[in-house]
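Engineer: Structure supplied as work35.cif; contents: mmCIF, C-alpha atoms.
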```
data_final
#
loop_
_atom_site.label_atom_id
_atom_site.label_comp_id
_atom_site.auth_asym_id
_atom_site.auth_seq_id
_atom_site.Cartn_x
_atom_site.Cartn_y
_atom_site.Cartn_z
CA LYS P 97 -51.93 27.95 -13.63
CA PHE P 98 -48.23 28.83 -13.41
CA GLN P 99 -47.65 31.81 -15.72
CA GLU P 100 -43.83 32.05 -15.81
CA ASP P 101 -41.50 29.99 -18.02
CA VAL P 102 -41.71 26.35 -16.90
CA TRP P 103 -40.28 23.21 -18.53
CA LEU P 104 -41.13 19.54 -18.16
CA ASN P 105 -38.35 16.95 -17.82
CA VAL P 106 -39.95 13.55 -18.58
CA THR P 107 -36.80 11.55 -17.79
CA GLY P 108 -37.46 8.49 -15.62
CA GLY P 109 -40.52 8.24 -13.39
CA THR P 110 -43.70 6.25 -13.95
CA LYS P 111 -44.53 6.09 -17.66
CA LEU P 112 -48.26 6.74 -17.24
CA MET P 113 -47.53 9.83 -15.16
CA ALA P 114 -44.93 11.02 -17.68
CA LEU P 115 -47.39 10.63 -20.56
CA ALA P 116 -50.10 12.51 -18.66
CA ALA P 117 -47.65 15.31 -17.81
CA TYR P 118 -46.52 15.41 -21.45
CA GLU P 119 -50.09 15.89 -22.66
CA ALA P 120 -50.74 18.62 -20.07
CA PHE P 121 -47.63 20.57 -21.10
CA VAL P 122 -48.44 20.22 -24.81
CA GLU P 123 -51.93 21.62 -24.10
CA LYS P 124 -50.31 24.67 -22.44
CA ASP P 125 -47.69 24.94 -25.20
CA ARG P 126 -44.73 24.54 -22.79
CA ASN P 127 -41.26 23.11 -23.39
CA ILE P 128 -40.65 19.39 -22.83
CA ILE P 129 -37.21 17.75 -22.63
CA TYR P 130 -35.70 14.32 -22.02
CA CYS P 131 -32.22 13.80 -20.52
CA ASN P 132 -30.22 10.84 -21.85
CA THR P 133 -27.22 10.51 -19.50
CA LYS P 134 -26.00 7.30 -21.14
CA HIS P 135 -25.34 9.01 -24.46
CA LYS P 136 -24.93 12.50 -22.91
CA HIS P 137 -27.81 14.10 -24.79
CA ILE P 138 -30.56 16.59 -23.96
CA ILE P 139 -33.49 15.83 -26.28
CA SER P 140 -36.08 18.55 -26.85
CA LEU P 141 -39.44 16.82 -27.48
CA TYR P 142 -41.74 19.85 -27.72
CA PRO P 143 -42.38 22.24 -29.39
CA ASP P 144 -39.43 21.41 -31.69
CA TYR P 145 -37.55 18.11 -31.73
CA LYS P 146 -33.77 18.49 -31.48
CA ILE P 147 -30.80 16.79 -29.81
CA GLU P 148 -28.07 18.70 -27.99
CA THR P 149 -24.94 17.58 -26.17
CA LEU P 150 -25.38 17.29 -22.41
CA ASN P 151 -22.70 19.42 -20.79
CA ALA P 152 -23.62 19.90 -17.13
CA ASP P 153 -21.21 21.03 -14.42
CA LEU P 154 -22.54 18.54 -11.87
CA SER P 155 -20.75 17.77 -8.59
CA ILE P 156 -21.22 15.06 -5.96
CA PRO P 157 -22.65 17.59 -3.41
CA ASP P 158 -25.15 18.75 -6.08
CA TYR P 159 -26.19 15.18 -6.80
CA LEU P 160 -26.64 14.30 -3.12
CA LEU P 161 -28.61 17.48 -2.44
CA SER P 162 -31.10 16.47 -5.12
CA TYR P 163 -31.86 13.41 -2.94
CA GLY P 164 -32.00 15.43 0.28
CA PHE P 165 -28.49 14.76 1.61
CA ALA P 166 -25.67 17.14 2.52
CA ILE P 167 -22.00 16.25 3.00
CA LYS P 168 -21.00 16.70 6.64
CA GLY P 169 -17.36 15.64 6.28
CA GLU P 170 -14.85 13.79 4.13
CA LYS P 171 -11.35 12.35 4.40
CA ASP P 172 -8.44 14.76 3.98
CA ILE P 173 -6.94 13.81 0.61
CA LYS P 174 -3.42 14.49 1.91
CA GLU P 175 -3.87 11.56 4.32
CA VAL P 176 -5.03 9.35 1.45
CA GLU P 177 -2.15 10.33 -0.84
CA LYS P 178 0.40 9.25 1.80
CA TYR P 179 -0.54 5.68 0.86
CA PHE P 180 -0.06 6.09 -2.91
CA PRO P 181 3.69 5.16 -3.00
CA LEU P 182 2.88 2.05 -0.93
CA ILE P 183 0.10 1.08 -3.34
CA GLU P 184 2.36 1.65 -6.34
CA PHE P 185 5.03 -0.56 -4.72
CA ILE P 186 2.44 -3.32 -4.13
CA ASN P 187 1.10 -3.15 -7.69
CA LYS P 188 4.49 -2.94 -9.36
CA ASN P 189 5.80 -6.01 -7.54
CA ASN P 190 2.54 -8.02 -7.44
CA LEU P 191 2.56 -8.15 -3.63
CA MET P 192 -1.12 -7.70 -2.84
CA ASN P 193 -1.59 -11.24 -1.55
CA GLU P 194 1.34 -10.89 0.87
CA PHE P 195 0.08 -7.48 2.02
CA VAL P 196 -3.48 -8.76 2.62
CA ILE P 197 -2.21 -11.70 4.71
CA PHE P 198 0.10 -9.35 6.62
CA PHE P 199 -2.70 -6.95 7.54
CA LYS P 200 -4.86 -9.87 8.64
CA GLU P 201 -2.11 -10.80 11.10
CA ILE P 202 -1.89 -7.19 12.30
CA ARG P 203 -5.66 -7.16 12.86
CA GLU P 204 -5.40 -10.30 14.99
CA LYS P 205 -2.44 -9.17 17.15
CA LEU P 206 -2.78 -5.39 17.49
CA THR P 207 -4.37 -4.39 20.81
CA ASP P 208 -4.43 -1.21 22.88
CA ASP P 209 -2.78 -2.87 25.88
CA ILE P 210 0.43 -3.64 23.93
CA PRO P 211 2.53 -0.44 23.89
CA ARG P 212 5.12 -1.69 21.40
CA ILE P 213 5.02 -4.30 18.67
CA THR P 214 7.03 -5.14 15.53
CA MET P 215 5.68 -7.42 12.81
CA LEU P 216 7.17 -8.60 9.50
CA SER P 217 5.33 -9.99 6.50
CA GLU P 218 6.10 -13.48 5.22
CA ASN P 219 8.66 -12.41 2.63
CA LYS P 220 9.77 -9.35 4.64
CA ASN P 221 8.51 -6.86 2.07
CA PHE P 222 6.50 -5.08 4.79
CA VAL P 223 7.15 -4.19 8.42
CA PHE P 224 4.65 -2.81 10.93
CA TYR P 225 5.73 -0.95 14.07
CA LYS P 226 3.66 0.27 16.98
CA ASN P 227 5.35 2.64 19.39
CA TYR P 228 2.71 3.82 21.85
CA ASP P 229 0.56 6.31 19.90
CA LYS P 230 2.60 6.17 16.68
CA TYR P 231 2.18 3.50 13.98
CA THR P 232 4.59 2.97 11.09
CA ILE P 233 4.22 0.87 7.94
CA GLU P 234 7.59 0.23 6.31
CA TYR P 235 7.80 -1.18 2.78
CA ASN P 236 10.47 -1.75 0.15
CA THR P 237 12.68 -2.57 3.12
CA THR P 238 15.89 -2.07 1.11
CA ASP P 239 15.13 1.64 0.77
CA LYS P 240 13.12 1.72 4.03
CA ASN P 241 10.22 3.71 2.63
CA LYS P 242 7.58 4.24 5.30
CA ILE P 243 4.27 5.78 6.31
CA SER P 244 3.89 7.21 9.82
CA ILE P 245 0.40 7.45 11.30
CA ASP P 246 -0.88 8.72 14.64
CA SER P 247 -2.99 6.12 16.45
CA PHE P 248 -6.15 8.26 16.40
CA GLU P 249 -5.95 8.40 12.59
CA PHE P 250 -5.33 4.69 12.09
CA ARG P 251 -8.06 2.24 11.16
CA LEU P 252 -7.20 -1.23 9.91
CA GLY P 253 -9.58 -1.05 6.96
CA ASP P 254 -8.54 2.39 5.68
CA TRP P 255 -5.93 1.01 3.29
CA LEU P 256 -8.61 -0.73 1.18
CA GLU P 257 -10.58 2.50 0.84
CA TYR P 258 -7.40 4.27 -0.23
CA TYR P 259 -6.57 1.49 -2.69
CA THR P 260 -10.05 1.84 -4.20
CA TYR P 261 -9.67 5.62 -4.36
CA TYR P 262 -6.23 5.25 -6.01
CA ASN P 263 -7.58 2.99 -8.77
CA LEU P 264 -10.63 5.17 -9.42
CA LYS P 265 -8.46 8.28 -9.59
CA LYS P 266 -6.85 6.78 -12.71
CA CYS P 267 -10.26 6.41 -14.39
CA ASP P 268 -12.14 9.04 -16.35
CA VAL P 269 -14.47 10.28 -13.61
CA GLN P 270 -16.06 13.68 -12.98
CA SER P 271 -15.62 13.74 -9.22
CA LEU P 272 -14.26 11.46 -6.48
CA LEU P 273 -14.47 11.52 -2.65
CA THR P 274 -13.60 9.09 0.15
CA GLY P 275 -14.54 8.75 3.82
CA VAL P 276 -17.72 10.74 3.22
CA LYS P 277 -20.20 11.46 6.01
CA ILE P 278 -23.64 12.49 4.77
CA VAL P 279 -26.64 13.80 6.69
CA SER P 280 -30.29 13.80 5.63
CA GLN P 281 -32.85 16.56 6.16
CA ASP P 282 -34.00 14.83 9.36
CA ASN P 283 -30.36 14.67 10.61
CA THR P 284 -29.84 10.96 9.97
CA GLU P 285 -26.13 10.31 9.35
CA ASN P 286 -24.50 7.72 7.10
CA GLU P 287 -20.93 7.10 6.01
CA ILE P 288 -19.83 6.02 2.53
CA ASP P 289 -16.30 4.71 1.92
CA VAL P 290 -15.88 6.02 -1.64
CA ILE P 291 -18.21 8.02 -3.90
CA VAL P 292 -17.69 8.59 -7.63
CA LEU P 293 -19.59 10.67 -10.15
CA LYS P 294 -19.11 9.42 -13.71
CA ASP P 295 -21.23 10.29 -16.73
CA PHE P 296 -23.78 11.98 -14.41
CA VAL P 297 -24.33 8.70 -12.51
CA LEU P 298 -23.42 8.21 -8.84
CA HIS P 299 -21.32 5.15 -7.92
CA ILE P 300 -20.88 4.24 -4.25
CA TYR P 301 -18.32 1.78 -2.85
CA SER P 302 -18.25 -0.19 0.39
CA CYS P 303 -14.81 -1.60 1.28
CA LYS P 304 -14.34 -4.57 3.62
CA SER P 305 -10.85 -5.85 4.34
CA GLY P 306 -12.04 -8.09 7.20
CA ASN P 307 -15.05 -10.42 7.17
CA SER P 308 -16.64 -9.92 3.75
CA ASN P 309 -19.40 -12.52 3.72
CA ASN P 310 -21.99 -10.76 5.86
CA GLN P 311 -25.09 -10.29 3.73
CA PHE P 312 -26.23 -7.48 6.03
CA ASP P 313 -23.40 -5.37 4.53
CA LEU P 314 -24.91 -5.90 1.08
CA PHE P 315 -28.37 -4.80 2.23
CA GLN P 316 -26.84 -1.76 3.92
CA LEU P 317 -25.02 -0.83 0.70
CA GLU P 318 -28.19 -1.34 -1.36
CA THR P 319 -30.11 0.94 1.01
CA LEU P 320 -27.45 3.65 0.74
CA ARG P 321 -27.37 3.33 -3.03
CA ASN P 322 -31.13 3.64 -3.22
CA ILE P 323 -31.55 6.66 -0.93
CA THR P 324 -28.63 8.61 -2.41
CA SER P 325 -29.04 7.91 -6.12
CA GLY P 326 -32.35 6.14 -6.78
CA THR P 327 -32.91 3.96 -9.83
CA PHE P 328 -29.78 4.99 -11.71
CA GLY P 329 -27.11 4.71 -8.98
CA LYS P 330 -24.51 1.92 -8.92
CA GLY P 331 -23.28 -0.07 -5.91
CA TYR P 332 -19.90 -1.81 -5.50
CA PHE P 333 -18.59 -4.04 -2.72
CA VAL P 334 -14.77 -4.17 -2.57
CA VAL P 335 -13.16 -7.13 -0.77
CA SER P 336 -9.69 -8.58 -0.18
CA LYS P 337 -10.66 -12.23 0.28
CA LYS P 338 -12.74 -14.85 -1.48
CA CYS P 339 -16.51 -14.57 -1.00
CA THR P 340 -18.93 -17.45 -0.63
CA LYS P 341 -21.23 -18.41 -3.50
CA ARG P 342 -24.21 -17.54 -1.33
CA PHE P 343 -22.85 -14.02 -0.77
CA LEU P 344 -22.09 -13.53 -4.48
CA ASP P 345 -25.56 -14.77 -5.45
CA ARG P 346 -27.14 -12.27 -3.07
CA ALA P 347 -24.99 -9.46 -4.47
CA LYS P 348 -26.07 -10.37 -8.00
CA GLU P 349 -29.70 -10.40 -6.90
CA LEU P 350 -29.29 -6.87 -5.51
CA ASN P 351 -27.41 -5.75 -8.64
CA ILE P 352 -24.28 -5.00 -6.60
CA ARG P 353 -20.92 -5.68 -8.22
CA VAL P 354 -18.34 -7.42 -6.01
CA ILE P 355 -14.72 -6.42 -6.69
CA ASN P 356 -11.99 -8.71 -5.32
CA ILE P 357 -8.66 -6.87 -5.37
CA LEU P 358 -6.75 -10.16 -5.49
CA ASN P 359 -7.98 -10.51 -9.09
CA GLN P 360 -5.34 -8.50 -10.93
CA ASN P 361 -7.48 -7.71 -13.98
CA GLU P 362 -10.42 -6.34 -11.95
CA ASN P 363 -11.84 -3.05 -13.18
CA PHE P 364 -13.12 -0.64 -10.53
CA ILE P 365 -15.85 1.05 -12.58
#
```
Is it possible to express this structure as structure tokens?

Structural biologist:
Amino acid sequence: KFQEDVWLNVTGGTKLMALAAYEAFVEKDRNIIYCNTKHKHIISLYPDYKIETLNADLSIPDYLLSYGFAIKGEKDIKEVEKYFPLIEFINKNNLMNEFVIFFKEIREKLTDDIPRITMLSENKNFVFYKNYDKYTIEYNTTDKNKISIDSFEFRLGDWLEYYTYYNLKKCDVQSLLTGVKIVSQDNTENEIDVIVLKDFVLHIYSCKSGNSNNQFDLFQLETLRNITSGTFGKGYFVVSKKCTKRFLDRAKELNIRVINILNQNENFI
């Protein structure tokens, strides 16, 4: 009964419903299109068949809003970029294994009741200082390059999120965010470590630098992927240690790709 200009997009959905909708729109002589994001095409099916290039100015907030979520907050990129020289130093000198072991030791020894602490990595390429409410990561100890962080900003797992962000930033992506807090229409909040929009598909990343064999984390990621991007979204689990076969089998079953940063040739997308 709608009298104004209305179009049918038959992309996705249940095939029987799409066919029924197609027939209804043909009967009313209305436009019907199909969106092929894989090949970046908009295909006009009715009244005239034609293929056009898909050129949509789509953002991550737009994508999330289409699933009923709004962005409540995200990490300040200036804080993330402070880590880039450290990451470049690690990659250039193939020091990721030493850095991962070093941060594991920091995780085990760092406590609030110790006001000062100094720790060195095995080959002395990294130094960690705690001086009350100020933390410092020193690297390339010859030149004494360093990152200074206030205690309220410091989380032990942040570096893996930033490493993931750094590698994705070098890829051909439309949009990229990290430390994203999202809220649904009923005010339910969730946090996603890294979100990427590439070729009109949402990719979400969960980063675990500590225990990475908890299958609950996989189910949580799968739930987030499903509610924020539906059938077409992609889920990734980024780790810094070897995962069990059982964990990897479960990830495969859920169609979640596990990325181990200790594998030098690992692609992030």

Engineer: Please identify all polymer residues within 7 Å of Tyr262 in chain P, counting all atoms listed in the file, omitting same-chain residues fewer than 4 positions from it, and present them as a list in words.

Structural biologist: Phe180, Tyr258 and Lys266 of chain P

Engineer: Report as JSON lines: every residue of range 102-220 of chain P with an atom at most 10 Å from range 269-283 of chain P, its closest pair of atoms, and their distance in Å to one decimal, counting all atoms listed in the file, with rows sorted by chain and ascending residue number.

Structural biologist:
```
{"residue": "P:Asp153", "atom": "CA", "partner": "P:Gln270", "partner_atom": "CA", "distance": 9.1}
{"residue": "P:Leu154", "atom": "CA", "partner": "P:Gln270", "partner_atom": "CA", "distance": 8.2}
{"residue": "P:Ser155", "atom": "CA", "partner": "P:Ser271", "partner_atom": "CA", "distance": 6.6}
{"residue": "P:Ile156", "atom": "CA", "partner": "P:Ser271", "partner_atom": "CA", "distance": 6.6}
{"residue": "P:Pro157", "atom": "CA", "partner": "P:Ile278", "partner_atom": "CA", "distance": 9.7}
{"residue": "P:Leu160", "atom": "CA", "partner": "P:Ile278", "partner_atom": "CA", "distance": 8.6}
{"residue": "P:Leu161", "atom": "CA", "partner": "P:Ser280", "partner_atom": "CA", "distance": 9.0}
{"residue": "P:Tyr163", "atom": "CA", "partner": "P:Ser280", "partner_atom": "CA", "distance": 8.7}
{"residue": "P:Gly164", "atom": "CA", "partner": "P:Ser280", "partner_atom": "CA", "distance": 5.8}
{"residue": "P:Phe165", "atom": "CA", "partner": "P:Ser280", "partner_atom": "CA", "distance": 4.5}
{"residue": "P:Ala166", "atom": "CA", "partner": "P:Val279", "partner_atom": "CA", "distance": 5.4}
{"residue": "P:Ile167", "atom": "CA", "partner": "P:Ile278", "partner_atom": "CA", "distance": 4.5}
{"residue": "P:Lys168", "atom": "CA", "partner": "P:Ile278", "partner_atom": "CA", "distance": 5.3}
{"residue": "P:Gly169", "atom": "CA", "partner": "P:Lys277", "partner_atom": "CA", "distance": 5.1}
{"residue": "P:Glu170", "atom": "CA", "partner": "P:Val276", "partner_atom": "CA", "distance": 4.3}
{"residue": "P:Lys171", "atom": "CA", "partner": "P:Gly275", "partner_atom": "CA", "distance": 4.8}
{"residue": "P:Asp172", "atom": "CA", "partner": "P:Gly275", "partner_atom": "CA", "distance": 8.6}
{"residue": "P:Ile173", "atom": "CA", "partner": "P:Thr274", "partner_atom": "CA", "distance": 8.2}
{"residue": "P:Val176", "atom": "CA", "partner": "P:Thr274", "partner_atom": "CA", "distance": 8.7}
```

Engineer: Using only C-alpha atoms, which residue out of P:Asn190, P:Asn286, P:Asn127, P:Thr327 lies closest to Leu358 in chain P?

Structural biologist: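 Going through P:Asn190, P:Asn286, P:Asn127, P:Thr327 one by one, the smallest distance to Leu358 in chain P is for P:Asn190.
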
Engineer: Nearest residue to Glu123 in chain P out of P:Lys330, P:Tyr142, P:Glu175, P:Asp295, using all atoms listed in the file?

Structural biologist: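 When distances to Glu123 in chain P are compared using all atoms listed in the file, the smallest one comes from P:Tyr142.
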
Engineer: Please determine, counting all atoms listed in the file, which residue among P:Tyr231, P:Phe222, P:Phe121, P:Phe333 has the shortest atom-to-atom distance to Val290 in chain P.

Structural biologist: P:Phe333

Engineer: Have a look at CA of Ile300 in chain P and CA of Gly329 in chain P and let me know their distance in Å, one decimal.

Structural biologist: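 Here the two named atoms are 7.8 Å from each other.
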
Engineer: Report as a VMD selection string the full result of the PyMOL selection byres ((chain P and resi 230) around 7) when it is applied to this structure.

Structural biologist: chain P and resid 226 to 229 231 to 232 245 to 247
